[in-house]
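Dropping data_8.txt in here (compact mmCIF, N, CA and C atoms):
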# COMPACT_ATOMS: atom_id res chain seq x y z
N SER A 8 0.81 8.82 6.52
CA SER A 8 0.36 10.17 6.21
C SER A 8 0.80 11.16 7.27
N SER A 9 1.06 10.69 8.47
CA SER A 9 1.59 11.55 9.52
C SER A 9 2.60 10.75 10.33
N LEU A 10 3.47 11.46 11.01
CA LEU A 10 4.47 10.78 11.82
C LEU A 10 3.82 9.95 12.90
N GLU A 11 2.75 10.48 13.51
CA GLU A 11 2.07 9.75 14.58
C GLU A 11 1.49 8.43 14.08
N SER A 12 0.76 8.45 12.97
CA SER A 12 0.17 7.21 12.47
C SER A 12 1.25 6.26 11.95
N ALA A 13 2.29 6.81 11.36
CA ALA A 13 3.39 5.97 10.89
C ALA A 13 4.09 5.28 12.04
N LYS A 14 4.32 6.02 13.13
CA LYS A 14 4.98 5.42 14.30
C LYS A 14 4.15 4.30 14.90
N LYS A 15 2.82 4.45 14.89
CA LYS A 15 1.95 3.37 15.38
C LYS A 15 2.15 2.10 14.56
N ALA A 16 2.53 2.26 13.30
CA ALA A 16 2.74 1.11 12.42
C ALA A 16 4.19 0.62 12.47
N GLY A 17 5.03 1.26 13.29
CA GLY A 17 6.41 0.82 13.45
C GLY A 17 7.43 1.68 12.73
N ALA A 18 7.01 2.77 12.13
CA ALA A 18 7.95 3.64 11.41
C ALA A 18 8.84 4.40 12.39
N ILE A 19 10.01 4.73 11.90
CA ILE A 19 10.94 5.54 12.70
C ILE A 19 10.96 6.98 12.20
N GLY A 20 10.21 7.24 11.14
CA GLY A 20 10.14 8.59 10.59
C GLY A 20 9.25 8.62 9.37
N VAL A 21 9.12 9.79 8.78
CA VAL A 21 8.32 9.99 7.56
C VAL A 21 9.18 10.77 6.59
N TRP A 22 9.17 10.35 5.33
CA TRP A 22 9.88 11.04 4.27
C TRP A 22 8.86 11.65 3.34
N GLU A 23 9.07 12.89 2.93
CA GLU A 23 8.16 13.58 2.03
C GLU A 23 8.87 13.85 0.70
N ASP A 24 8.20 13.45 -0.40
CA ASP A 24 8.81 13.68 -1.72
C ASP A 24 8.54 15.10 -2.19
N SER A 25 9.03 15.44 -3.37
CA SER A 25 8.91 16.80 -3.88
C SER A 25 7.48 17.22 -4.20
N GLN A 26 6.56 16.24 -4.34
CA GLN A 26 5.16 16.55 -4.59
C GLN A 26 4.34 16.60 -3.29
N GLY A 27 4.98 16.42 -2.16
CA GLY A 27 4.29 16.48 -0.88
C GLY A 27 3.71 15.15 -0.42
N HIS A 28 3.98 14.05 -1.13
CA HIS A 28 3.51 12.73 -0.70
C HIS A 28 4.41 12.23 0.43
N LYS A 29 3.78 11.70 1.47
CA LYS A 29 4.53 11.25 2.63
C LYS A 29 4.61 9.73 2.66
N PHE A 30 5.77 9.23 3.03
CA PHE A 30 6.03 7.80 3.09
C PHE A 30 6.67 7.47 4.44
N GLY A 31 6.22 6.35 5.03
CA GLY A 31 6.81 5.91 6.28
C GLY A 31 8.22 5.41 6.05
N VAL A 32 9.08 5.67 7.00
CA VAL A 32 10.46 5.16 7.00
C VAL A 32 10.52 4.12 8.12
N PHE A 33 10.88 2.89 7.75
CA PHE A 33 10.88 1.79 8.71
C PHE A 33 12.30 1.30 8.96
N PRO A 34 12.52 0.71 10.13
CA PRO A 34 13.88 0.28 10.47
C PRO A 34 14.38 -0.89 9.64
N SER A 35 13.45 -1.59 8.96
CA SER A 35 13.84 -2.70 8.11
C SER A 35 12.77 -2.91 7.05
N GLU A 36 13.14 -3.60 5.99
CA GLU A 36 12.17 -3.93 4.94
C GLU A 36 11.05 -4.79 5.52
N GLU A 37 11.40 -5.71 6.40
CA GLU A 37 10.40 -6.59 7.02
C GLU A 37 9.40 -5.79 7.85
N ALA A 38 9.87 -4.79 8.57
CA ALA A 38 8.96 -3.95 9.37
C ALA A 38 8.01 -3.16 8.48
N GLY A 39 8.52 -2.65 7.36
CA GLY A 39 7.67 -1.93 6.42
C GLY A 39 6.64 -2.85 5.78
N LYS A 40 7.06 -4.05 5.44
CA LYS A 40 6.14 -5.04 4.85
C LYS A 40 5.03 -5.40 5.84
N LYS A 41 5.41 -5.61 7.08
CA LYS A 41 4.43 -5.96 8.12
C LYS A 41 3.41 -4.82 8.29
N ALA A 42 3.88 -3.58 8.27
CA ALA A 42 2.99 -2.43 8.41
C ALA A 42 2.03 -2.33 7.23
N LEU A 43 2.55 -2.55 6.01
CA LEU A 43 1.69 -2.52 4.82
C LEU A 43 0.64 -3.62 4.90
N GLN A 44 1.05 -4.82 5.24
CA GLN A 44 0.11 -5.93 5.32
C GLN A 44 -0.96 -5.68 6.38
N SER A 45 -0.56 -5.13 7.51
CA SER A 45 -1.52 -4.81 8.56
C SER A 45 -2.52 -3.76 8.08
N LYS A 46 -2.02 -2.75 7.39
CA LYS A 46 -2.89 -1.70 6.86
C LYS A 46 -3.89 -2.27 5.86
N LEU A 47 -3.42 -3.11 4.95
CA LEU A 47 -4.30 -3.66 3.91
C LEU A 47 -5.39 -4.57 4.49
N LYS A 48 -5.18 -5.08 5.69
CA LYS A 48 -6.19 -5.95 6.31
C LYS A 48 -7.29 -5.16 7.02
N GLU A 49 -7.14 -3.83 7.06
CA GLU A 49 -8.20 -3.01 7.64
C GLU A 49 -9.45 -3.16 6.78
N ARG A 50 -10.59 -3.18 7.41
CA ARG A 50 -11.87 -3.41 6.73
C ARG A 50 -12.10 -2.44 5.57
N ARG A 51 -11.68 -1.20 5.70
CA ARG A 51 -11.94 -0.19 4.68
C ARG A 51 -11.28 -0.51 3.34
N PHE A 52 -10.30 -1.38 3.32
CA PHE A 52 -9.65 -1.73 2.07
C PHE A 52 -10.45 -2.77 1.28
N SER A 53 -11.31 -3.54 1.94
CA SER A 53 -12.14 -4.53 1.26
C SER A 53 -13.60 -4.11 1.15
N TYR A 54 -14.04 -3.17 1.99
CA TYR A 54 -15.45 -2.77 2.00
C TYR A 54 -15.62 -1.27 1.99
N ARG A 55 -16.65 -0.82 1.30
CA ARG A 55 -17.04 0.59 1.31
C ARG A 55 -17.90 0.84 2.55
N LYS A 56 -18.20 2.10 2.81
CA LYS A 56 -19.04 2.46 3.96
C LYS A 56 -20.42 1.84 3.88
N ASP A 57 -20.92 1.58 2.65
CA ASP A 57 -22.25 0.96 2.50
C ASP A 57 -22.18 -0.56 2.57
N ASN A 58 -21.02 -1.11 2.96
CA ASN A 58 -20.75 -2.54 3.10
C ASN A 58 -20.63 -3.30 1.78
N SER A 59 -20.63 -2.60 0.65
CA SER A 59 -20.37 -3.30 -0.61
C SER A 59 -18.87 -3.58 -0.69
N LYS A 60 -18.55 -4.69 -1.33
CA LYS A 60 -17.16 -5.13 -1.40
C LYS A 60 -16.41 -4.39 -2.49
N ARG A 61 -15.17 -4.07 -2.20
CA ARG A 61 -14.27 -3.46 -3.18
C ARG A 61 -13.39 -4.56 -3.78
N THR A 62 -13.19 -4.52 -5.08
CA THR A 62 -12.14 -5.36 -5.67
C THR A 62 -10.80 -4.71 -5.33
N VAL A 63 -9.72 -5.40 -5.57
CA VAL A 63 -8.40 -4.82 -5.34
C VAL A 63 -8.26 -3.57 -6.21
N ALA A 64 -8.72 -3.62 -7.47
CA ALA A 64 -8.64 -2.46 -8.35
C ALA A 64 -9.45 -1.29 -7.78
N ASP A 65 -10.63 -1.57 -7.23
CA ASP A 65 -11.44 -0.52 -6.60
C ASP A 65 -10.70 0.05 -5.39
N MET A 66 -10.09 -0.81 -4.61
CA MET A 66 -9.36 -0.38 -3.42
C MET A 66 -8.23 0.56 -3.83
N ILE A 67 -7.54 0.22 -4.90
CA ILE A 67 -6.45 1.07 -5.37
C ILE A 67 -7.00 2.44 -5.80
N SER A 68 -8.07 2.43 -6.59
CA SER A 68 -8.59 3.70 -7.12
C SER A 68 -9.36 4.53 -6.09
N GLU A 69 -9.96 3.87 -5.10
CA GLU A 69 -10.80 4.59 -4.14
C GLU A 69 -10.10 4.91 -2.82
N VAL A 70 -9.10 4.12 -2.44
CA VAL A 70 -8.51 4.29 -1.12
C VAL A 70 -7.00 4.44 -1.18
N TYR A 71 -6.31 3.52 -1.80
CA TYR A 71 -4.85 3.44 -1.67
C TYR A 71 -4.10 4.42 -2.56
N ALA A 72 -4.48 4.50 -3.83
CA ALA A 72 -3.76 5.37 -4.77
C ALA A 72 -4.73 6.06 -5.72
N PRO A 73 -5.62 6.90 -5.18
CA PRO A 73 -6.64 7.54 -6.01
C PRO A 73 -6.06 8.56 -7.00
N ALA A 74 -6.79 8.78 -8.06
CA ALA A 74 -6.38 9.77 -9.06
C ALA A 74 -6.25 11.16 -8.44
N SER A 75 -7.04 11.43 -7.41
CA SER A 75 -6.98 12.74 -6.74
C SER A 75 -5.63 13.01 -6.09
N ASP A 76 -4.81 11.97 -5.91
CA ASP A 76 -3.45 12.12 -5.38
C ASP A 76 -2.41 12.04 -6.50
N ASN A 77 -2.86 12.33 -7.73
CA ASN A 77 -1.99 12.31 -8.92
C ASN A 77 -1.46 10.92 -9.24
N ASN A 78 -2.28 9.90 -8.96
CA ASN A 78 -1.95 8.53 -9.34
C ASN A 78 -2.74 8.14 -10.59
N ASN A 79 -2.33 7.07 -11.23
CA ASN A 79 -3.08 6.48 -12.32
C ASN A 79 -3.54 5.11 -11.82
N PRO A 80 -4.71 5.05 -11.18
CA PRO A 80 -5.16 3.82 -10.54
C PRO A 80 -5.26 2.62 -11.48
N ARG A 81 -5.71 2.84 -12.71
CA ARG A 81 -5.83 1.73 -13.66
C ARG A 81 -4.45 1.17 -14.00
N SER A 82 -3.50 2.05 -14.24
CA SER A 82 -2.13 1.62 -14.51
C SER A 82 -1.56 0.88 -13.31
N TYR A 83 -1.83 1.38 -12.11
CA TYR A 83 -1.36 0.77 -10.87
C TYR A 83 -1.93 -0.65 -10.75
N ALA A 84 -3.25 -0.79 -10.95
CA ALA A 84 -3.91 -2.10 -10.85
C ALA A 84 -3.35 -3.06 -11.90
N ASN A 85 -3.20 -2.56 -13.12
CA ASN A 85 -2.66 -3.42 -14.19
C ASN A 85 -1.22 -3.83 -13.93
N PHE A 86 -0.44 -2.95 -13.32
CA PHE A 86 0.93 -3.28 -12.95
C PHE A 86 0.94 -4.50 -12.02
N ILE A 87 0.09 -4.47 -11.02
CA ILE A 87 0.02 -5.58 -10.06
C ILE A 87 -0.51 -6.84 -10.72
N LYS A 88 -1.54 -6.69 -11.55
CA LYS A 88 -2.11 -7.84 -12.25
C LYS A 88 -1.08 -8.47 -13.19
N ASN A 89 -0.46 -7.65 -14.02
CA ASN A 89 0.44 -8.17 -15.06
C ASN A 89 1.79 -8.64 -14.52
N ASN A 90 2.29 -8.01 -13.48
CA ASN A 90 3.62 -8.36 -12.97
C ASN A 90 3.60 -9.30 -11.78
N TYR A 91 2.46 -9.36 -11.07
CA TYR A 91 2.40 -10.17 -9.85
C TYR A 91 1.27 -11.19 -9.89
N GLY A 92 0.50 -11.22 -10.97
CA GLY A 92 -0.52 -12.25 -11.16
C GLY A 92 -1.68 -12.21 -10.18
N VAL A 93 -1.99 -11.03 -9.64
CA VAL A 93 -3.10 -10.91 -8.71
C VAL A 93 -4.36 -10.54 -9.51
N ASP A 94 -5.46 -11.23 -9.24
CA ASP A 94 -6.73 -10.98 -9.93
C ASP A 94 -7.39 -9.74 -9.33
N VAL A 95 -6.88 -8.58 -9.71
CA VAL A 95 -7.29 -7.32 -9.11
C VAL A 95 -8.71 -6.89 -9.48
N TYR A 96 -9.24 -7.43 -10.57
CA TYR A 96 -10.56 -6.99 -11.04
C TYR A 96 -11.70 -7.87 -10.53
N ASN A 97 -11.39 -8.99 -9.90
CA ASN A 97 -12.44 -9.90 -9.44
C ASN A 97 -12.38 -10.26 -7.97
N LYS A 98 -11.28 -9.93 -7.31
CA LYS A 98 -11.13 -10.29 -5.90
C LYS A 98 -10.90 -9.06 -5.05
N SER A 99 -11.38 -9.14 -3.81
CA SER A 99 -11.08 -8.10 -2.83
C SER A 99 -9.81 -8.52 -2.10
N VAL A 100 -9.23 -7.60 -1.35
CA VAL A 100 -8.06 -7.94 -0.54
C VAL A 100 -8.41 -9.10 0.38
N GLU A 101 -9.60 -9.03 0.96
CA GLU A 101 -10.05 -10.07 1.89
C GLU A 101 -10.15 -11.44 1.23
N ASP A 102 -10.43 -11.49 -0.07
CA ASP A 102 -10.60 -12.75 -0.79
C ASP A 102 -9.29 -13.40 -1.22
N LEU A 103 -8.18 -12.68 -1.12
CA LEU A 103 -6.90 -13.21 -1.58
C LEU A 103 -6.39 -14.28 -0.63
N ASP A 104 -5.83 -15.35 -1.21
CA ASP A 104 -5.19 -16.34 -0.35
C ASP A 104 -3.82 -15.80 0.08
N ASP A 105 -3.12 -16.51 0.93
CA ASP A 105 -1.86 -16.02 1.49
C ASP A 105 -0.84 -15.69 0.40
N ASP A 106 -0.74 -16.54 -0.63
CA ASP A 106 0.22 -16.32 -1.71
C ASP A 106 -0.16 -15.07 -2.52
N GLU A 107 -1.44 -14.91 -2.83
CA GLU A 107 -1.88 -13.73 -3.58
C GLU A 107 -1.66 -12.46 -2.77
N PHE A 108 -1.94 -12.53 -1.47
CA PHE A 108 -1.75 -11.37 -0.60
C PHE A 108 -0.28 -10.98 -0.55
N GLU A 109 0.59 -11.97 -0.47
CA GLU A 109 2.04 -11.71 -0.48
C GLU A 109 2.45 -11.03 -1.79
N ARG A 110 1.93 -11.53 -2.91
CA ARG A 110 2.25 -10.94 -4.21
C ARG A 110 1.69 -9.52 -4.33
N LEU A 111 0.51 -9.28 -3.77
CA LEU A 111 -0.06 -7.92 -3.77
C LEU A 111 0.87 -6.98 -3.02
N THR A 112 1.32 -7.36 -1.85
CA THR A 112 2.19 -6.47 -1.08
C THR A 112 3.54 -6.27 -1.78
N GLN A 113 4.04 -7.28 -2.44
CA GLN A 113 5.28 -7.13 -3.23
C GLN A 113 5.05 -6.14 -4.37
N GLY A 114 3.90 -6.25 -5.03
CA GLY A 114 3.58 -5.35 -6.13
C GLY A 114 3.44 -3.91 -5.67
N ILE A 115 2.77 -3.71 -4.55
CA ILE A 115 2.62 -2.35 -4.02
C ILE A 115 3.99 -1.78 -3.67
N ALA A 116 4.82 -2.56 -3.00
CA ALA A 116 6.16 -2.08 -2.64
C ALA A 116 6.96 -1.71 -3.88
N ALA A 117 6.86 -2.54 -4.92
CA ALA A 117 7.58 -2.25 -6.16
C ALA A 117 7.03 -1.00 -6.83
N ARG A 118 5.73 -0.88 -6.89
CA ARG A 118 5.10 0.26 -7.55
C ARG A 118 5.37 1.56 -6.80
N GLU A 119 5.40 1.49 -5.49
CA GLU A 119 5.63 2.68 -4.68
C GLU A 119 7.10 3.08 -4.65
N GLY A 120 7.96 2.20 -5.14
CA GLY A 120 9.38 2.53 -5.17
C GLY A 120 10.07 2.26 -3.85
N ASN A 121 9.71 1.14 -3.22
CA ASN A 121 10.34 0.72 -1.98
C ASN A 121 11.86 0.86 -2.12
N LYS A 122 12.46 1.65 -1.25
CA LYS A 122 13.89 1.91 -1.35
C LYS A 122 14.57 1.67 -0.02
N GLN A 123 15.72 1.03 -0.10
CA GLN A 123 16.54 0.85 1.09
C GLN A 123 17.33 2.13 1.29
N GLY A 124 17.42 2.55 2.51
CA GLY A 124 18.15 3.77 2.80
C GLY A 124 19.16 3.59 3.89
N GLN A 125 19.68 4.68 4.34
CA GLN A 125 20.65 4.68 5.41
C GLN A 125 20.19 5.69 6.45
N LEU A 126 20.16 5.30 7.70
CA LEU A 126 19.76 6.18 8.77
C LEU A 126 20.93 7.07 9.16
N ILE A 127 20.69 8.36 9.09
CA ILE A 127 21.71 9.34 9.45
C ILE A 127 21.16 10.14 10.62
N THR A 128 21.90 10.17 11.69
CA THR A 128 21.48 10.96 12.86
C THR A 128 22.38 12.16 13.01
N LYS A 129 21.83 13.21 13.56
CA LYS A 129 22.59 14.42 13.79
C LYS A 129 23.06 14.44 15.23
N ASN A 130 24.27 14.87 15.43
CA ASN A 130 24.79 15.07 16.80
C ASN A 130 24.22 16.38 17.30
N ARG A 131 23.69 16.35 18.49
CA ARG A 131 23.13 17.58 19.06
C ARG A 131 23.91 18.00 20.25

Let me see whether you can do it: turn the structure in this file into structure tokens.
Amino acid sequence: SSLESAKKAGAIGVWEDSQGHKFGVFPSEEAGKKALQSKLKERRFSYRKDNSKRTVADMISEVYAPASDNNNPRSYANFIKNNYGVDVYNKSVEDLDDDEFERLTQGIAAREGNKQGQLITKNR
């Protein structure tokens, strides 16, 4: 969401799309995957402030890709469920085994439009 927070996660920059959504730019796909996985392991992705557990679908709609950011959380959750076999309606991120967690991160990367780019620097 900001260059500072992205850099803490290993990003080398931030890219903003035409709707104003910001995305971290990482030096490699592996670095971006590691940052996503680290982020998803934060307590707020599995638990609400009242300590009730969030399902993956709840996490998508309440934290990761809410409708207030012009997302379709139900479509997003179903994309991950149908294409990556993650039980988004009954499990929290914390409850996923290693294979399910890997598939969740693959699904998020695919849904977000993970793109390989080319680093261009300007001569100053």

Just the residues within 6.5 Å of region 91-93 of chain A, please, counting all atoms listed in the file, with nothing from its chain fewer than 6 positions along; format it as a ChimeraX atom specification. /A:107,110-111,114

Using only C-alpha atoms, determine which residues lie at most 9 Å from Ile19 (chain A), disregarding the query and same-chain residues fewer than 5 positions distant; provide the list as a short mmCIF file (atom, residue, chain, number, x, y, z; two decimals) with N, CA and C atoms, in the coordinates of the input.
data_model
loop_
_atom_site.label_atom_id
_atom_site.label_comp_id
_atom_site.auth_asym_id
_atom_site.auth_seq_id
_atom_site.Cartn_x
_atom_site.Cartn_y
_atom_site.Cartn_z
N LEU A 10 3.47 11.46 11.01
CA LEU A 10 4.47 10.78 11.82
C LEU A 10 3.82 9.95 12.90
N ALA A 13 2.29 6.81 11.36
CA ALA A 13 3.39 5.97 10.89
C ALA A 13 4.09 5.28 12.04
N LYS A 14 4.32 6.02 13.13
CA LYS A 14 4.98 5.42 14.30
C LYS A 14 4.15 4.30 14.90
N GLY A 31 6.22 6.35 5.03
CA GLY A 31 6.81 5.91 6.28
C GLY A 31 8.22 5.41 6.05
N VAL A 32 9.08 5.67 7.00
CA VAL A 32 10.46 5.16 7.00
C VAL A 32 10.52 4.12 8.12
N PHE A 33 10.88 2.89 7.75
CA PHE A 33 10.88 1.79 8.71
C PHE A 33 12.30 1.30 8.96
N PRO A 34 12.52 0.71 10.13
CA PRO A 34 13.88 0.28 10.47
C PRO A 34 14.38 -0.89 9.64
#

Pick from A:Phe108, A:Trp22, A:Phe52, A:Tyr96, whichever lies nearest to Ala64 (chain A) using only C-alpha atoms: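 Looking at the shortest contact to Ala64 (chain A), the residue is A:Tyr96.
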
Do you know which residues are at most 12 Å from Glu69 (chain A) counting only C-alpha atoms, after dropping those on the same chain fewer than 4 positions away, and could you put them as a VMD selection string? chain A and resid 51 to 56 60 to 65 73 to 76 78 to 81 84

May I ask for the distance between atom C of Glu37 (chain A) and CA of Val95 (chain A), given in Å to one decimal place?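 Pair atom C of Glu37 (chain A) / CA of Val95 (chain A) returns 23.8 Å.
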
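Note that the spacing between CA of Gln113 (chain A) and CA of Ser82 (chain A) amounts to 16.1 Å.
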
Using CA of Asp94 (chain A) and CA of His28 (chain A) as the two end points, give the distance in Å to one decimal.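 Taking CA of Asp94 (chain A) and CA of His28 (chain A), their separation equals 27.4 Å.
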
Based on the backbone DSSP call, show me all residues of chain A assigned strand (DSSP E or B), as a ChimeraX atom specification. /A:20-23,29-32,54,60

Which residues, written as an NGL selection string, have at least one atom at most 12 Å from Glu109 (chain A), with only C-alpha atoms counted and residues fewer than 6 positions away on the same chain left out? :A and (40-41 or 43-45 or 47 or 87 or 91-93 or 100 or 103 or 115-116)

In chain A, what's helix (DSSP H, G or I) per DSSP? Answer as a VMD selection string? chain A and resid 10 to 15 36 to 47 50 to 52 63 to 71 74 to 76 80 to 91 100 to 102 105 to 119

Select, from A:Val70, A:Ala16, A:Asn58, A:Asp105, the residue with the minimum atom-to-atom distance to Ala38 (chain A), counting only N, CA and C atoms. A:Ala16
